[in-house]
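Visitor: Please find one structure pasted underneath; my questions will follow.
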There are 2 protein chains.
Amino acid sequence: MVQIALGSNILGANELLARKNRKLFEQDGTLVINLMSSPGAGKTTILERSLEEITGKLKIGVIEGDLYTDQDAQRIGKKGVEVVQINTEGTCHLDAGMVNKALERLPASDYQLVFIENVGNLVCPAEFDLGEDFRVVVFSVAEGNDKLLKYPLIFREARVILLNKIDLLAYTDFSLEKFQADLAQINPSAIVFLVSGRTGEGVKAWTEWLLEEVSKKQNRF
Amino acid sequence: MVQIALGSNILGANELLARKNRKLFEQDGTLVINLMSSPGAGKTTILERSLEEITGKLKIGVIEGDLYTDQDAQRIGKKGVEVVQINTEGTCHLDAGMVNKALERLPASDYQLVFIENVGNLVCPAEFDLGEDFRVVVFSVAEGNDKLLKYPLIFREARVILLNKIDLLAYTDFSLEKFQADLAQINPSAIVFLVSGRTGEGVKAWTEWLLEEVSKKQNRF
């Protein structure tokens with residue numbers, strides 16, 4: 001089938017560029033996170049909250065991926081970190097080449113931690129390695145329990161899942177037990193933090209873990 | 001650029017198949033709806049609620065699009081309508097060819113109303129005409145106000161927007177005023193129904209409007 005053959009070529013080229021990015025990130029021990037979710041799961045709000053916790057403690061860069069607007073980049077820029085916007089002009093995911101280009105304006109060696117906020121989409125971003133250290137999926141309880149089994153790839157590839165909008169839990173039918181049971185099937189080693197971008201609950205536990213990971217990577221290089 | 005040229009070819013082929021589907025739908029005056037949203041915005045629950053209101057009043061078929069599972073088809077099958085499952089095996093949207101194939105098992109002429117539930121994704125499905133009469137976007141207040149301007153295509157192409165999870169409105173920062181103002185910019189003629197899949201609120205207003213549309217199409221043929 002034409003589409004599939006094509007996808008393979010694109011992914012092959014992407015793999016080479018992802019390797020190039022990864023090499024750049026290793027040179028100075030920069031920890032790089034690929035932040036993914038559905039539209040509206042709360043990536044940007046969680047990123048804002050996370051930056052409030054850790055800005056000043058280390059040098060942080062952010063690469064913002066969006067179809068057209070720079071709304072998120074503007075929000076993140078107010079947190080006192082360097083931000084580079086990538087507009088995909090309708091493409092449903094970031095790829096390693098786009099990130100490579102962004103690194104010309106945001107040299108990885110200047111930062112200890114780089115967040116890449118992907119396009120809001122549970123399908124396409126999961127297929128593209130950007131050269132990141134690991135992937136973090138923001139998943140909102142308002143999205144419903146069935147999403148883990150319906151979009152298994154993105155959840156399988158995540159090192160961390162930030163289970164967001166936990167403040168809405170009581171007003172939804174979301175079951176934490178079912179979530180844990182499904183995750184045990186798909187990705188038993190994923191680390192889960194219960195968070196609320198709205199109230200800030202749980203964000204500190206996540207950022208403390210993250211700072212540890214930054215130290216670990218710095219010590220390795 | 002290779003990717004873009006390719007996209008055009010796929011869309012060109014899609015356009016021909018969409019026309020073929022549309023012709024089938026016109027033969028017997030079948031009204032066909034392409035139901036789209038983010039993952040977790042509530043398409044399936046709204047469809048269940050809608051079917052509860054209108055089953056028995058007319059002959060209804062449902063085409064369910066999902067990456068891998070048939071969870072939604074199983075849910076919808078319990079509502080006493082005919083359901084055909086399309087598994088895209090990782091592809092981020094339905095296309096007209098997939099729908100055309102599904103119609104072999106769900107002949108449009110047997111039904112007055114066909115719902116096509118697309119893959120949960122705000123980006124890719126918007127680019128593929130399936131031959132439908134019109135598009136309905138389910139959008140949850142839990143997704144946040146910024147989505148209209150960030151994903152303009154899907155909202156621009158919608159005839160109807162079902163603003164869902166209205167029962168959560170009081171617990172979120174979602175602003176109905178901002179939503180209306182943004183929509184007035186992008187798609188002023190869109191018809192909006194405030195609904196809750198969870199409580200059933202507002203579903204009757206939507207299905208009454210829909211039944212009118214079915215009659216209108218039947219009377220035209």
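Ordering of the structure tokens sets the chain letters (A, B, ...), residue numbers begin anew at 1 in every chain, and ligands are numbered from 1 in the order given.
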As an NGL selection string, please: every residue in region 14-68 of chain B that a backbone DSSP assignment puts in strand (DSSP E).
Guide: :B and (31-36 or 60-66)
Visitor: Taking 3 positions as the minimum chain separation for residues in the same chain, which residues sit within 12 Å of Cys92 (chain A) when counting only C-alpha atoms? Answer as a PyMOL selection string.
Guide: (chain A and resi 36+38-39+65-68+87-89+95+118-128) or (chain B and resi 91-93+121-127+150-151)
Visitor: In terms of the shortest atom-to-atom distance over only C-alpha atoms, which of B:Gly77, B:Gly197, B:Gly61, B:Gly144 is closest to chain A?
Guide: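 Distance minimum relative to chain A lands on B:Gly144.
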Visitor: Run DSSP on the backbone of this structure and report the residues of region 1-65 of chain B it assigns to alpha helix (DSSP H), as a PDB file with C-alpha atoms, in the first residue's frame.
Guide:
ATOM      1  CA  VAL B   2       7.780  15.180  -0.621  1.00  0.00           C
ATOM      2  CA  GLN B   3       5.277  14.971   2.221  1.00  0.00           C
ATOM      3  CA  ILE B   4       3.032  17.698   0.815  1.00  0.00           C
ATOM      4  CA  ALA B   5       2.968  16.369  -2.754  1.00  0.00           C
ATOM      5  CA  LEU B   6       2.037  13.014  -1.360  1.00  0.00           C
ATOM      6  CA  GLY B   7      -0.741  14.416   0.782  1.00  0.00           C
ATOM      7  CA  SER B   8      -2.249  15.956  -2.344  1.00  0.00           C
ATOM      8  CA  ASN B   9      -2.347  12.614  -4.152  1.00  0.00           C
ATOM      9  CA  ILE B  10      -4.001  10.876  -1.247  1.00  0.00           C
ATOM     10  CA  LEU B  11      -6.542  13.670  -0.955  1.00  0.00           C
ATOM     11  CA  GLY B  12      -7.201  13.557  -4.709  1.00  0.00           C
ATOM     12  CA  ALA B  13      -7.988   9.838  -4.556  1.00  0.00           C
ATOM     13  CA  ASN B  14     -10.065  10.464  -1.453  1.00  0.00           C
ATOM     14  CA  GLU B  15     -12.083  13.106  -3.227  1.00  0.00           C
ATOM     15  CA  LEU B  16     -13.147  10.635  -5.923  1.00  0.00           C
ATOM     16  CA  LEU B  17     -14.220   8.044  -3.371  1.00  0.00           C
ATOM     17  CA  ALA B  18     -16.036  10.672  -1.289  1.00  0.00           C
ATOM     18  CA  ARG B  19     -18.002  11.639  -4.392  1.00  0.00           C
ATOM     19  CA  LYS B  20     -18.846   7.962  -4.933  1.00  0.00           C
ATOM     20  CA  ASN B  21     -20.079   7.674  -1.318  1.00  0.00           C
ATOM     21  CA  ARG B  22     -22.100  10.873  -1.615  1.00  0.00           C
ATOM     22  CA  LYS B  23     -23.811   9.522  -4.699  1.00  0.00           C
ATOM     23  CA  LEU B  24     -24.768   6.353  -2.785  1.00  0.00           C
ATOM     24  CA  PHE B  25     -26.148   8.455   0.065  1.00  0.00           C
ATOM     25  CA  GLU B  26     -28.215  10.567  -2.332  1.00  0.00           C
ATOM     26  CA  GLN B  27     -29.829   7.595  -4.089  1.00  0.00           C
ATOM     27  CA  LYS B  43     -18.483  11.218  20.823  1.00  0.00           C
ATOM     28  CA  THR B  44     -19.552   7.701  21.759  1.00  0.00           C
ATOM     29  CA  THR B  45     -21.516   8.711  24.853  1.00  0.00           C
ATOM     30  CA  ILE B  46     -23.318  11.447  22.917  1.00  0.00           C
ATOM     31  CA  LEU B  47     -24.064   8.950  20.160  1.00  0.00           C
ATOM     32  CA  GLU B  48     -25.471   6.496  22.719  1.00  0.00           C
ATOM     33  CA  ARG B  49     -27.686   9.218  24.183  1.00  0.00           C
ATOM     34  CA  SER B  50     -28.777  10.347  20.721  1.00  0.00           C
ATOM     35  CA  LEU B  51     -29.689   6.798  19.731  1.00  0.00           C
ATOM     36  CA  GLU B  52     -31.742   6.383  22.909  1.00  0.00           C
ATOM     37  CA  GLU B  53     -33.796   9.392  21.806  1.00  0.00           C
ATOM     38  CA  ILE B  54     -34.350   8.376  18.183  1.00  0.00           C
TER      39      ILE B  54
END
Visitor: In Å to one decimal, how far is CA of Ile166 (chain A) from CA of Leu194 (chain A)?
Guide: 6.5 Å
